[in-house]
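To keep things clear, I will list the structure first and then write my remarks on it.
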Number of protein chains: 2
Amino acid sequence: MSAVERLDDPSDIAAEVAAVLESFLRSKAAEFEAISPETAEIGQSLIAFTRGGKRIRPVLLWWGYQLVAGPETSPGTAARTGLAEAAASLELLHAAALIHDDVIDHSDTRRGSPALHRQFEALHADLGYEGDAEAFGVAAAIVIGDICLALSEELFESAQDRLGASIPAQRLRAQMRRDVMVGQFLDVRAEVIPLTDERIGARAWEVLSFKAAKYSVEQPLLLGAALGGADEAQLAGLTRFGLPLGQAFQLRDDVLGIVGDPAATGKPAGDDIREGKRTVLIAESLKRMSPEQTRLLASRLGDQSLSEDTVAETVAMLRAVGGLDAVEEIIAARHDAALSELDSWTADNGPAAFRLGEAAESRLRDFAQALSYRQR
Amino acid sequence: MSAVERLDDPSDIAAEVAAVLESFLRSKAAEFEAISPETAEIGQSLIAFTRGGKRIRPVLLWWGYQLVAGPETSPGTAARTGLAEAAASLELLHAAALIHDDVIDHSDTRRGSPALHRQFEALHADLGYEGDAEAFGVAAAIVIGDICLALSEELFESAQDRLGASIPAQRLRAQMRRDVMVGQFLDVRAEVIPLTDERIGARAWEVLSFKAAKYSVEQPLLLGAALGGADEAQLAGLTRFGLPLGQAFQLRDDVLGIVGDPAATGKPAGDDIREGKRTVLIAESLKRMSPEQTRLLASRLGDQSLSEDTVAETVAMLRAVGGLDAVEEIIAARHDAALSELDSWTADNGPAAFRLGEAAESRLRDFAQALSYRQR
């Protein structure tokens, strides 16, 4: 096995993917407008929506491909365009999930701007439309989410045409789509279950794993690797690295949803309390609470009208019982598990999924660090 | 060109497609339950939901394939399974569209049963869940619609693997998905536009063509034909037959939404009035109304709380001004246009897209008659 010396720079990947994405969306917007001029807002809203985001999934897909097929995919070739399209298709899948997620969670903001359903609600008022503005916003966001999902398929199909059809990649893509949606369903169910339900911790881990950890980290790596022609041992190695890292990534999200700095996260402080999310952090806190504290938390979780003071008091209680510390410990353990797999890719003492040069190894290590210990 | 003597019986096709669909959904339900036992309702609800329906799109896809590839696809072969899967995937695409449609339209019933979001709203109460039952129903229906759309992709991919990948079929599939969703967006917009808007007729035709006529009739035929390896002339012939027939089919839907028998349609009398649909029938009526009648209609259209008497009075007004007769005339003209293309496939006096034997021609003629002049 020849060593992988280099993985592309994340900001270069993000820029290339953003360019492919915008050009694809512009061509689709033109197709929509050929159907009717009244479709203009579909393209506009999707282009604006997908300009934001951390591009985590595209970068991981890209690296998954490079780890297997080698770093030397030259710009301008069909393979390079296909790789960028596959990466961009994950951004569209994610955008579709977020658009529907915000409708489901009644979220007002996304990435510091109004959520898509709120944008269309405002448009309704601006244009003097008739009927219920909120219902119009929700309807438009449901349909645009569907369109975004369909466009994600279309872009991935184009990528497969360029890279050569790969049955394993197609299966992984189907699995990824399925897992994030089933995870979302489990999340919807978990939020209406009493806090005293004995499966609350198990549920939180199911949601975390399927809606987030696999979908955000493990599966993008696997999908890129499959497109590059990975063998079973390579896919297994990427799972040993990507799954625990994905769990750390999402547990950090839980922490930031409780004690994140609003200026950095773009979300109000303690947002997950008002939203009533049943996270692993909540489950870990419940394990450590008195019946009275549990009753208090149950009365507050999911109450959109909580005052800032009550939210702050609730956060203080989660901290005091040790829920936050417990999650920090799990993050550290999951992060270390991912790094120990990564270590085996650089050591020279036995069979490993990959052989990495120093630069490639340090890229992955830095990225893992940023996922597990980010501030936003 | 050898003549097509036979097209399979619609009820045989429907039964074969239903069996493939149910077996696919059962295997997917088992995959979901391996993720978590709490997913059981996803599979159950989709299996129940897709048991109904007229199977129009699967039959048309099947015939499109048979018209091009010949009727002799033997049961048990990969091609036959692929054909049934492609047909079944259209049922899933349609189910996904209906599930989201019912959320958007706040519909209570579908195919004589509670709409999916209402089923989950009821489940919330039955299981003693916490929080807002209606919001839970909507959330579950949004996610299950997404899952259904993803499953439709998966089944179509499997069909393509069996039938051999076809770029034209893949493009048609993408176009079909796009058109129905863009049509749905236009429908959402059309419903909030004042009735006095000058583009109201143009909008109604855009919605009718893209959300319904192409998607329900023309595109299933084209997709089946493309999977069978159709040439350009064959595809063009199917459009000349399928597009006007699809328009007649949807215009009949508009008529049934106003004057259909509730016992036959499974929907309340005059349902489209309460829903506020801006159909071609409404546009044709508006053309013939006095300003006072227009104001009256505007005050009623979309008012969910209208009494049965007021609905009946409104229907009488649409009839009195000649809106219903006008639509019947358009239906007849569109139907005749489709039949005149069909005639060219049986005559022997020049180039035509197909050469049909008597039995095949009479299948298509009977089906067209049923689409344009059905009672439910």
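A note on labels: chains of the structure tokens are A, B, ... as shown, every chain counts residues from 1, and ligands are counted from 1 in their shown order.
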Nearby residues (only C-alpha atoms) at most 9 Å from range 247-260 of chain A, same-chain spacing under 3 positions excluded, as a ChimeraX atom specification: /A:208-209,212-214,216-217,242-244,263-265,267-273,279-282,315,324,327-328,330-335,368,370-376
DSSP helix (DSSP H, G or I) residues within range 16-247 of chain B, as a count of residues only: 184
Result of fitting chain B to chain A over every paired C-alpha, as a compact mmCIF listing (two decimals) with C-alpha atoms, in the first residue's frame:
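As written to disk, selection22.txt reads:
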# COMPACT_ATOMS: atom_id res chain seq x y z
CA MET B 1 -0.01 -0.03 0.00
CA SER B 2 1.45 3.34 -1.00
CA ALA B 3 1.26 6.02 1.68
CA VAL B 4 -1.20 8.91 1.40
CA GLU B 5 0.99 11.95 1.77
CA ARG B 6 -1.50 14.73 1.30
CA LEU B 7 -5.17 15.60 1.82
CA ASP B 8 -6.50 18.81 0.30
CA ASP B 9 -6.96 21.91 2.41
CA PRO B 10 -10.49 22.12 3.90
CA SER B 11 -11.03 25.71 2.80
CA ASP B 12 -9.94 24.90 -0.76
CA ILE B 13 -12.40 21.99 -0.80
CA ALA B 14 -15.17 24.19 0.64
CA ALA B 15 -14.59 26.85 -2.02
CA GLU B 16 -14.59 24.34 -4.89
CA VAL B 17 -17.75 22.65 -3.58
CA ALA B 18 -19.48 26.01 -3.07
CA ALA B 19 -18.74 26.99 -6.67
CA VAL B 20 -20.09 23.70 -8.07
CA LEU B 21 -23.16 23.97 -5.86
CA GLU B 22 -23.99 27.52 -6.84
CA SER B 23 -23.53 26.85 -10.54
CA PHE B 24 -25.76 23.76 -10.31
CA LEU B 25 -28.46 25.66 -8.42
CA ARG B 26 -28.35 28.50 -10.94
CA SER B 27 -28.90 26.10 -13.83
CA LYS B 28 -31.80 24.46 -11.96
CA ALA B 29 -33.30 27.86 -11.13
CA ALA B 30 -33.28 28.65 -14.85
CA GLU B 31 -35.14 25.36 -15.51
CA PHE B 32 -37.74 26.25 -12.88
CA GLU B 33 -38.22 29.72 -14.33
CA ALA B 34 -38.80 28.21 -17.75
CA ILE B 35 -41.81 26.47 -16.17
CA SER B 36 -43.10 29.67 -14.59
CA PRO B 37 -41.69 33.05 -13.58
CA GLU B 38 -43.38 32.51 -10.21
CA THR B 39 -40.73 29.98 -9.22
CA ALA B 40 -37.94 32.56 -8.88
CA GLU B 41 -37.92 32.36 -5.08
CA ILE B 42 -37.13 28.63 -5.10
CA GLY B 43 -33.72 29.10 -6.66
CA GLN B 44 -33.00 32.33 -4.78
CA SER B 45 -33.82 30.84 -1.41
CA LEU B 46 -31.78 27.67 -2.01
CA ILE B 47 -28.73 29.57 -3.24
CA ALA B 48 -28.86 31.84 -0.19
CA PHE B 49 -29.51 28.96 2.20
CA THR B 50 -26.61 26.81 0.98
CA ARG B 51 -24.08 29.65 1.09
CA GLY B 52 -23.72 29.17 4.84
CA GLY B 53 -22.64 26.11 6.72
CA LYS B 54 -19.39 24.57 7.85
CA ARG B 55 -18.99 22.18 4.84
CA ILE B 56 -18.02 19.37 7.20
CA ARG B 57 -19.65 16.59 5.16
CA PRO B 58 -18.18 17.67 1.78
CA VAL B 59 -14.68 17.85 3.27
CA LEU B 60 -15.02 14.40 4.81
CA LEU B 61 -16.37 12.89 1.60
CA TRP B 62 -13.50 14.46 -0.31
CA TRP B 63 -10.90 13.07 2.08
CA GLY B 64 -12.56 9.64 2.08
CA TYR B 65 -12.07 9.62 -1.69
CA GLN B 66 -8.48 10.88 -1.49
CA LEU B 67 -7.54 8.34 1.19
CA VAL B 68 -8.49 5.53 -1.20
CA ALA B 69 -7.94 6.88 -4.70
CA GLY B 70 -4.93 9.04 -3.88
CA PRO B 71 -4.71 12.81 -3.66
CA GLU B 72 -3.90 13.43 -7.32
CA THR B 73 -7.30 14.22 -8.82
CA SER B 74 -6.48 16.95 -11.31
CA PRO B 75 -8.79 19.95 -11.66
CA GLY B 76 -10.76 19.90 -14.90
CA THR B 77 -11.05 16.11 -15.15
CA ALA B 78 -14.38 14.30 -15.03
CA ALA B 79 -13.33 12.58 -11.81
CA ARG B 80 -12.61 15.90 -10.12
CA THR B 81 -15.95 17.39 -11.18
CA GLY B 82 -17.70 14.21 -10.06
CA LEU B 83 -16.01 14.37 -6.69
CA ALA B 84 -17.05 18.00 -6.21
CA GLU B 85 -20.62 17.14 -7.27
CA ALA B 86 -20.84 14.21 -4.85
CA ALA B 87 -19.57 16.48 -2.07
CA ALA B 88 -22.01 19.24 -3.03
CA SER B 89 -24.90 16.76 -3.11
CA LEU B 90 -24.33 16.16 0.62
CA GLU B 91 -24.75 19.87 1.24
CA LEU B 92 -28.11 19.74 -0.51
CA LEU B 93 -29.18 16.66 1.43
CA HIS B 94 -28.24 18.48 4.60
CA ALA B 95 -30.01 21.69 3.55
CA ALA B 96 -33.19 19.68 2.87
CA ALA B 97 -32.97 18.10 6.31
CA LEU B 98 -32.43 21.49 7.99
CA ILE B 99 -35.30 23.17 6.13
CA HIS B 100 -37.76 20.50 7.29
CA ASP B 101 -36.13 20.33 10.73
CA ASP B 102 -36.77 24.03 11.27
CA VAL B 103 -40.43 23.61 10.34
CA ILE B 104 -40.73 20.66 12.73
CA ASP B 105 -38.95 22.45 15.57
CA HIS B 106 -40.71 25.79 14.93
CA SER B 107 -37.26 27.39 14.77
CA ASP B 108 -37.15 31.06 13.92
CA THR B 109 -33.53 31.30 12.84
CA ARG B 110 -30.92 29.28 10.99
CA ARG B 111 -27.30 30.26 10.51
CA GLY B 112 -28.06 33.73 11.82
CA SER B 113 -30.86 34.43 9.28
CA PRO B 114 -34.60 33.79 9.51
CA ALA B 115 -35.49 30.12 8.95
CA LEU B 116 -36.82 29.43 5.44
CA HIS B 117 -40.45 29.12 6.57
CA ARG B 118 -40.11 32.46 8.33
CA GLN B 119 -38.68 34.05 5.16
CA PHE B 120 -41.70 32.94 3.17
CA GLU B 121 -44.03 34.02 5.96
CA ALA B 122 -42.48 37.50 5.65
CA LEU B 123 -42.78 37.40 1.85
CA HIS B 124 -46.51 36.69 2.22
CA ALA B 125 -46.94 39.92 4.15
CA ASP B 126 -44.63 41.93 1.87
CA LEU B 127 -46.51 40.92 -1.28
CA GLY B 128 -49.97 41.44 0.19
CA TYR B 129 -51.01 37.83 -0.31
CA GLU B 130 -54.26 36.48 1.10
CA GLY B 131 -54.87 33.92 3.83
CA ASP B 132 -52.66 32.68 6.64
CA ALA B 133 -49.05 33.91 6.34
CA GLU B 134 -47.64 31.33 8.75
CA ALA B 135 -49.31 28.42 6.94
CA PHE B 136 -47.96 29.76 3.65
CA GLY B 137 -44.44 29.88 5.09
CA VAL B 138 -44.70 26.30 6.31
CA ALA B 139 -46.15 25.07 3.01
CA ALA B 140 -43.42 26.74 0.98
CA ALA B 141 -40.69 25.36 3.25
CA ILE B 142 -42.07 21.81 3.03
CA VAL B 143 -42.09 21.95 -0.77
CA ILE B 144 -38.70 23.67 -1.09
CA GLY B 145 -37.23 21.06 1.27
CA ASP B 146 -38.63 18.36 -1.03
CA ILE B 147 -37.16 20.10 -4.06
CA CYS B 148 -33.81 20.39 -2.31
CA LEU B 149 -33.84 16.66 -1.56
CA ALA B 150 -34.65 15.89 -5.20
CA LEU B 151 -31.83 18.18 -6.36
CA SER B 152 -29.44 16.37 -4.05
CA GLU B 153 -30.35 13.10 -5.79
CA GLU B 154 -29.88 14.66 -9.18
CA LEU B 155 -26.44 16.00 -8.35
CA PHE B 156 -25.35 12.68 -6.87
CA GLU B 157 -26.54 10.88 -10.00
CA SER B 158 -24.48 13.24 -12.10
CA ALA B 159 -21.46 12.55 -9.87
CA GLN B 160 -21.95 8.82 -10.33
CA ASP B 161 -22.16 9.22 -14.09
CA ARG B 162 -18.80 11.00 -14.06
CA LEU B 163 -17.03 8.78 -11.54
CA GLY B 164 -18.47 5.53 -12.86
CA ALA B 165 -21.49 3.89 -11.24
CA SER B 166 -20.62 2.21 -7.96
CA ILE B 167 -23.15 -0.10 -6.34
CA PRO B 168 -21.49 0.14 -2.90
CA ALA B 169 -21.58 3.96 -3.11
CA GLN B 170 -25.21 3.87 -4.18
CA ARG B 171 -26.07 1.62 -1.23
CA LEU B 172 -24.17 3.83 1.20
CA ARG B 173 -25.94 6.88 -0.13
CA ALA B 174 -29.34 5.19 0.37
CA GLN B 175 -28.33 4.14 3.87
CA MET B 176 -27.20 7.65 4.74
CA ARG B 177 -30.46 9.18 3.54
CA ARG B 178 -32.40 6.53 5.44
CA ASP B 179 -30.45 6.88 8.68
CA VAL B 180 -30.77 10.64 8.92
CA MET B 181 -34.51 10.48 8.26
CA VAL B 182 -35.17 7.61 10.63
CA GLY B 183 -33.04 9.46 13.20
CA GLN B 184 -35.22 12.49 12.65
CA PHE B 185 -38.36 10.41 13.20
CA LEU B 186 -36.90 9.04 16.43
CA ASP B 187 -36.10 12.60 17.48
CA VAL B 188 -39.69 13.68 16.84
CA ARG B 189 -40.92 10.78 18.96
CA ALA B 190 -38.37 11.27 21.70
CA GLU B 191 -39.55 14.82 22.26
CA VAL B 192 -43.05 13.78 23.26
CA ILE B 193 -42.04 10.99 25.64
CA PRO B 194 -42.25 11.66 29.39
CA LEU B 195 -38.84 12.36 30.95
CA THR B 196 -39.42 9.46 33.32
CA ASP B 197 -39.49 6.95 30.43
CA GLU B 198 -36.90 4.26 31.11
CA ARG B 199 -35.62 4.26 27.52
CA ILE B 200 -34.82 7.97 27.53
CA GLY B 201 -31.06 7.41 27.53
CA ALA B 202 -31.25 4.69 24.87
CA ARG B 203 -33.45 6.92 22.72
CA ALA B 204 -31.06 9.83 23.02
CA TRP B 205 -28.20 7.63 21.84
CA GLU B 206 -30.25 6.31 18.90
CA VAL B 207 -31.07 9.84 17.77
CA LEU B 208 -27.49 10.99 18.27
CA SER B 209 -26.03 8.08 16.33
CA PHE B 210 -28.40 7.93 13.40
CA LYS B 211 -29.51 11.52 12.96
CA ALA B 212 -26.07 12.97 13.53
CA ALA B 213 -22.97 10.91 14.24
CA LYS B 214 -23.15 8.48 11.32
CA TYR B 215 -24.67 10.98 8.95
CA SER B 216 -22.31 13.88 9.68
CA VAL B 217 -18.98 12.11 9.93
CA GLU B 218 -18.85 8.35 9.37
CA GLN B 219 -21.04 8.12 6.28
CA PRO B 220 -19.49 11.03 4.32
CA LEU B 221 -16.08 9.39 4.82
CA LEU B 222 -17.46 5.99 3.76
CA LEU B 223 -19.27 7.42 0.76
CA GLY B 224 -16.18 9.21 -0.51
CA ALA B 225 -14.11 6.09 0.03
CA ALA B 226 -16.65 3.92 -1.81
CA LEU B 227 -16.64 6.34 -4.75
CA GLY B 228 -12.86 5.95 -4.76
CA GLY B 229 -13.18 2.15 -4.84
CA ALA B 230 -12.51 1.26 -1.19
CA ASP B 231 -12.23 -2.35 0.00
CA GLU B 232 -13.96 -3.74 3.11
CA ALA B 233 -10.93 -3.26 5.37
CA GLN B 234 -10.70 0.40 4.44
CA LEU B 235 -14.40 0.98 5.05
CA ALA B 236 -14.15 -0.75 8.43
CA GLY B 237 -11.19 1.45 9.40
CA LEU B 238 -13.10 4.59 8.47
CA THR B 239 -16.00 3.46 10.65
CA ARG B 240 -13.68 2.91 13.61
CA PHE B 241 -12.43 6.47 13.15
CA GLY B 242 -15.61 8.21 11.97
CA LEU B 243 -18.31 6.82 14.23
CA PRO B 244 -16.80 7.77 17.60
CA LEU B 245 -15.68 11.09 16.16
CA GLY B 246 -19.21 11.71 14.92
CA GLN B 247 -20.54 10.96 18.39
CA ALA B 248 -18.09 13.41 19.95
CA PHE B 249 -19.11 15.97 17.30
CA GLN B 250 -22.79 15.66 18.13
CA LEU B 251 -22.25 15.54 21.89
CA ARG B 252 -20.39 18.85 21.49
CA ASP B 253 -23.50 20.13 19.71
CA ASP B 254 -25.58 19.13 22.73
CA VAL B 255 -23.20 21.01 25.00
CA LEU B 256 -23.24 24.11 22.78
CA GLY B 257 -27.05 23.97 22.69
CA ILE B 258 -27.01 24.42 26.46
CA VAL B 259 -23.96 26.53 27.27
CA GLY B 260 -22.84 27.84 23.86
CA ASP B 261 -22.14 31.52 23.39
CA PRO B 262 -25.06 32.97 21.37
CA ALA B 263 -22.67 35.29 19.52
CA ALA B 264 -20.72 32.25 18.28
CA THR B 265 -23.53 29.73 17.70
CA GLY B 266 -26.08 32.16 16.23
CA LYS B 267 -28.71 30.58 18.49
CA PRO B 268 -30.20 31.97 21.73
CA ALA B 269 -28.56 30.80 24.99
CA GLY B 270 -30.01 27.52 26.28
CA ASP B 271 -31.94 27.09 23.03
CA ASP B 272 -32.21 23.30 23.49
CA ILE B 273 -34.11 23.83 26.77
CA ARG B 274 -36.88 25.83 25.11
CA GLU B 275 -36.92 23.42 22.16
CA GLY B 276 -37.27 20.49 24.56
CA LYS B 277 -34.58 18.36 22.95
CA ARG B 278 -34.07 14.99 24.66
CA THR B 279 -30.30 14.91 24.25
CA VAL B 280 -27.74 12.61 25.84
CA LEU B 281 -26.83 15.60 28.01
CA ILE B 282 -30.38 15.72 29.35
CA ALA B 283 -30.37 11.93 29.89
CA GLU B 284 -27.03 12.10 31.74
CA SER B 285 -28.37 14.93 33.91
CA LEU B 286 -31.60 13.06 34.67
CA LYS B 287 -29.59 10.10 35.95
CA ARG B 288 -28.18 12.41 38.60
CA MET B 289 -31.32 14.33 39.56
CA SER B 290 -33.67 14.08 42.51
CA PRO B 291 -37.35 13.40 41.73
CA GLU B 292 -38.06 17.02 42.50
CA GLN B 293 -35.37 18.25 40.10
CA THR B 294 -36.75 15.90 37.44
CA ARG B 295 -40.24 17.34 37.89
CA LEU B 296 -38.84 20.85 37.61
CA LEU B 297 -36.93 20.01 34.44
CA ALA B 298 -40.00 18.27 32.96
CA SER B 299 -42.08 21.40 33.53
CA ARG B 300 -39.57 23.56 31.67
CA LEU B 301 -38.23 21.45 28.84
CA GLY B 302 -39.99 22.40 25.60
CA ASP B 303 -41.66 25.51 27.01
CA GLN B 304 -41.03 28.12 24.32
CA SER B 305 -42.08 30.94 26.62
CA LEU B 306 -39.42 30.43 29.33
CA SER B 307 -37.73 33.64 30.50
CA GLU B 308 -34.00 34.06 30.09
CA ASP B 309 -33.58 33.84 33.85
CA THR B 310 -35.42 30.53 34.07
CA VAL B 311 -33.36 29.14 31.19
CA ALA B 312 -30.17 30.26 32.96
CA GLU B 313 -31.34 28.66 36.22
CA THR B 314 -32.08 25.40 34.40
CA VAL B 315 -28.66 25.40 32.77
CA ALA B 316 -27.12 25.95 36.21
CA MET B 317 -29.03 22.93 37.51
CA LEU B 318 -27.78 20.69 34.67
CA ARG B 319 -24.26 21.82 35.47
CA ALA B 320 -24.65 21.43 39.24
CA VAL B 321 -25.84 17.82 39.08
CA GLY B 322 -22.86 16.92 36.87
CA GLY B 323 -24.63 16.36 33.55
CA LEU B 324 -22.29 18.67 31.65
CA ASP B 325 -19.14 17.12 33.14
CA ALA B 326 -20.41 13.64 32.32
CA VAL B 327 -20.88 14.59 28.67
CA GLU B 328 -17.44 16.18 28.52
CA GLU B 329 -16.01 12.87 29.72
CA ILE B 330 -17.85 10.93 27.06
CA ILE B 331 -16.67 13.39 24.42
CA ALA B 332 -13.07 12.92 25.52
CA ALA B 333 -13.42 9.11 25.46
CA ARG B 334 -15.04 9.07 22.00
CA HIS B 335 -12.49 11.51 20.66
CA ASP B 336 -9.64 9.36 22.00
CA ALA B 337 -11.15 6.25 20.44
CA ALA B 338 -11.15 7.96 17.03
CA LEU B 339 -7.55 9.11 17.49
CA SER B 340 -6.35 5.70 18.49
CA GLU B 341 -7.64 4.33 15.17
CA LEU B 342 -5.91 7.22 13.43
CA ASP B 343 -2.67 6.34 15.24
CA SER B 344 -2.78 2.87 13.72
CA TRP B 345 -2.77 4.46 10.25
CA THR B 346 0.61 6.06 10.90
CA ALA B 347 2.37 3.38 12.94
CA ASP B 348 4.34 0.81 11.02
CA ASN B 349 3.75 -2.26 13.11
CA GLY B 350 1.06 -4.34 11.49
CA PRO B 351 -1.96 -4.33 9.20
CA ALA B 352 -3.91 -1.06 9.11
CA ALA B 353 -6.65 0.40 6.93
CA PHE B 354 -4.38 3.13 5.57
CA ARG B 355 -0.78 4.32 5.62
CA LEU B 356 -0.65 8.08 6.09
CA GLY B 357 2.20 10.52 5.67
CA GLU B 358 2.67 13.22 8.27
CA ALA B 359 0.79 15.99 6.47
CA ALA B 360 -2.29 13.82 5.86
CA GLU B 361 -2.30 12.57 9.44
CA SER B 362 -2.06 16.06 10.83
CA ARG B 363 -4.97 17.26 8.64
CA LEU B 364 -7.20 14.54 10.06
CA ARG B 365 -6.03 15.15 13.62
CA ASP B 366 -6.66 18.92 13.40
CA PHE B 367 -10.07 18.39 11.87
CA ALA B 368 -11.03 15.85 14.54
CA GLN B 369 -9.92 18.27 17.23
CA ALA B 370 -12.08 20.99 15.69
CA LEU B 371 -15.12 18.70 15.52
CA SER B 372 -14.92 17.53 19.12
CA TYR B 373 -13.86 20.77 20.76
CA ARG B 374 -15.33 23.53 18.63
CA GLN B 375 -16.97 26.64 20.13
CA ARG B 376 -19.78 26.96 17.60
